[in-house]
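Chemist: Got a structure here, written out as structure tokens. Questions coming.
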Amino acid sequence: MDAPVAYTIATKPKLVQISTAYTTPQEGSAIVPHGKYFAIAPEKPKDKGQAQQPQYKTCQFTTETITPPFRCG
């Protein structure tokens with residue numbers, strides 16, 4: 001599973017790596033830890049209240065990301 005992730009990172013060097021784990025990445029890591037980002041919702045908000053939630057907003061800092069595969073055991 002590491003090969004496809006490594007290939008994607010190599011071909012898209014501007015991708016930001018994110019972690020869905022609740023652990024803190026090692027110091028100096030380029031991985032953005034859980035809780036420091038919002039995944040943008042693919043669907044449109046259903047109402048004005050939902051439109052105010054962070055996952056429905058984009059800005060100049062919105063970027064494409066990659067999540068490394070989960071490790072079990």
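The chains in the structure tokens are called A, B, ... from first to last as shown; in each chain the residues are counted from 1, and the ligands are counted from 1 in the order shown.
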Which residues come within 12 Å of A:Pro54, counting only C-alpha atoms, excluding same-chain residues fewer than 5 positions away, as JSON, numbers by chain?

Modeler: {"A": [36, 37, 38, 39, 40, 41, 45, 49, 59, 62]}

Chemist: List as a ChimeraX atom specification the protein and nucleic acid residues near A:Thr67, meaning an atom at most 9 Å away when only C-alpha atoms are counted, but skip any in the same chain fewer than 4 places from it.

Modeler: /A:5,16-20

Chemist: Write the residues of the selection above to a file with N, CA and C atoms, as a CSV table (one decimal), in the first residue's frame.

Modeler:
```csv
chain,number,residue,atom,x,y,z
A,5,VAL,N,0.9,5.5,-2.5
A,5,VAL,CA,1.0,6.7,-1.8
A,5,VAL,C,2.3,7.4,-2.1
A,16,VAL,N,-0.6,18.1,0.5
A,16,VAL,CA,-0.4,18.2,1.9
A,16,VAL,C,-0.8,16.9,2.5
A,17,GLN,N,0.0,16.3,3.3
A,17,GLN,CA,-0.3,15.0,4.0
A,17,GLN,C,-1.0,15.3,5.3
A,18,ILE,N,-2.1,14.6,5.5
A,18,ILE,CA,-2.9,14.8,6.7
A,18,ILE,C,-3.0,13.5,7.4
A,19,SER,N,-3.2,13.5,8.7
A,19,SER,CA,-3.4,12.4,9.5
A,19,SER,C,-4.8,12.3,10.1
A,20,THR,N,-5.4,11.1,10.1
A,20,THR,CA,-6.7,11.0,10.7
A,20,THR,C,-6.6,10.4,12.1
```

Chemist: Looking only at the backbone, which of the residues in chain A does DSSP tag as strand (DSSP E), as a CSV table (one decimal) with N, CA and C atoms, in the first residue's frame?

Modeler:
```csv
chain,number,residue,atom,x,y,z
A,16,VAL,N,-0.6,18.1,0.5
A,16,VAL,CA,-0.4,18.2,1.9
A,16,VAL,C,-0.8,16.9,2.5
A,17,GLN,N,0.0,16.3,3.3
A,17,GLN,CA,-0.3,15.0,4.0
A,17,GLN,C,-1.0,15.3,5.3
A,65,THR,N,-5.2,17.3,-0.6
A,65,THR,CA,-4.4,16.6,0.5
A,65,THR,C,-4.4,15.1,0.1
A,66,ILE,N,-3.6,14.4,0.9
A,66,ILE,CA,-3.5,12.9,0.8
A,66,ILE,C,-3.5,12.4,2.2
```

Chemist: Skipping near chain neighbours, those fewer than 4 positions away, what residues fall within 12 Å of A:Glu43 using only C-alpha atoms, listed as a PDB file with N, CA and C atoms, in the first residue's frame?

Modeler:
```pdb
ATOM      1  N   ALA A  39     -12.048  18.704   6.393  1.00  0.00           N
ATOM      2  CA  ALA A  39     -12.278  18.115   5.077  1.00  0.00           C
ATOM      3  C   ALA A  39     -13.460  18.850   4.460  1.00  0.00           C
ATOM      4  N   ASP A  47     -28.800  24.343   3.874  1.00  0.00           N
ATOM      5  CA  ASP A  47     -29.418  25.579   4.331  1.00  0.00           C
ATOM      6  C   ASP A  47     -28.341  26.571   4.770  1.00  0.00           C
ATOM      7  N   GLN A  50     -26.098  25.386   7.730  1.00  0.00           N
ATOM      8  CA  GLN A  50     -25.095  24.407   7.329  1.00  0.00           C
ATOM      9  C   GLN A  50     -23.983  25.081   6.517  1.00  0.00           C
ATOM     10  N   ALA A  51     -24.329  26.082   5.727  1.00  0.00           N
ATOM     11  CA  ALA A  51     -23.341  26.801   4.909  1.00  0.00           C
ATOM     12  C   ALA A  51     -22.305  27.513   5.765  1.00  0.00           C
ATOM     13  N   GLN A  55     -16.725  22.888   7.085  1.00  0.00           N
ATOM     14  CA  GLN A  55     -16.553  21.922   5.996  1.00  0.00           C
ATOM     15  C   GLN A  55     -17.247  22.340   4.700  1.00  0.00           C
ATOM     16  N   TYR A  56     -18.049  23.394   4.740  1.00  0.00           N
ATOM     17  CA  TYR A  56     -18.716  23.880   3.532  1.00  0.00           C
ATOM     18  C   TYR A  56     -18.088  25.159   2.992  1.00  0.00           C
ATOM     19  N   LYS A  57     -17.032  25.634   3.625  1.00  0.00           N
ATOM     20  CA  LYS A  57     -16.384  26.867   3.197  1.00  0.00           C
ATOM     21  C   LYS A  57     -15.060  26.559   2.524  1.00  0.00           C
TER      22      LYS A  57
END
```

Chemist: Do a neighbour search on A:Ala21 at 10 Å with only C-alpha atoms, toss out local chain neighbours closer than 3 positions, and write the hits as a PyMOL selection string.

Modeler: chain A and resi 18+24-25+33-35+70

Chemist: So, counting only C-alpha atoms, which residue among A:Thr58, A:Asp2, A:Glu27, A:Leu15 is closest to A:Pro42?

Modeler: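 Closest to A:Pro42, using only C-alpha atoms: A:Thr58.
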
Chemist: Would you mind writing down, as a list in words, each residue of chain A that DSSP on the backbone assigns to helix (DSSP H, G or I)?

Modeler: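 Residues of chain A classed as helix (DSSP H, G or I): Asp2, Ala3, Pro4, Val5, Ala6, Tyr7, Thr8, Ile9, Ala10, Thr11, Lys48, Gly49, Gln50, Ala51, Pro54, Gln55 and Tyr56 of chain A.
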
Chemist: For the selection you just gave me, I'd like the residues written to a file as a PDB file, in the first residue's frame, keeping C-alpha atoms.

Modeler:
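Result written to part20.pdb:
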```pdb
ATOM      1  CA  ASP A   2       2.937   2.360   0.487  1.00  0.00           C
ATOM      2  CA  ALA A   3       3.867   2.337  -3.220  1.00  0.00           C
ATOM      3  CA  PRO A   4       0.702   4.085  -4.492  1.00  0.00           C
ATOM      4  CA  VAL A   5       0.966   6.733  -1.763  1.00  0.00           C
ATOM      5  CA  ALA A   6       4.667   7.289  -2.474  1.00  0.00           C
ATOM      6  CA  TYR A   7       3.932   7.542  -6.216  1.00  0.00           C
ATOM      7  CA  THR A   8       1.126  10.062  -5.661  1.00  0.00           C
ATOM      8  CA  ILE A   9       3.341  12.201  -3.411  1.00  0.00           C
ATOM      9  CA  ALA A  10       6.179  12.049  -5.948  1.00  0.00           C
ATOM     10  CA  THR A  11       3.933  13.086  -8.847  1.00  0.00           C
ATOM     11  CA  LYS A  48     -27.782  28.820   5.550  1.00  0.00           C
ATOM     12  CA  GLY A  49     -26.902  27.312   8.914  1.00  0.00           C
ATOM     13  CA  GLN A  50     -25.095  24.407   7.329  1.00  0.00           C
ATOM     14  CA  ALA A  51     -23.341  26.801   4.909  1.00  0.00           C
ATOM     15  CA  PRO A  54     -16.254  25.006   8.211  1.00  0.00           C
ATOM     16  CA  GLN A  55     -16.553  21.922   5.996  1.00  0.00           C
ATOM     17  CA  TYR A  56     -18.716  23.880   3.532  1.00  0.00           C
TER      18      TYR A  56
END
```
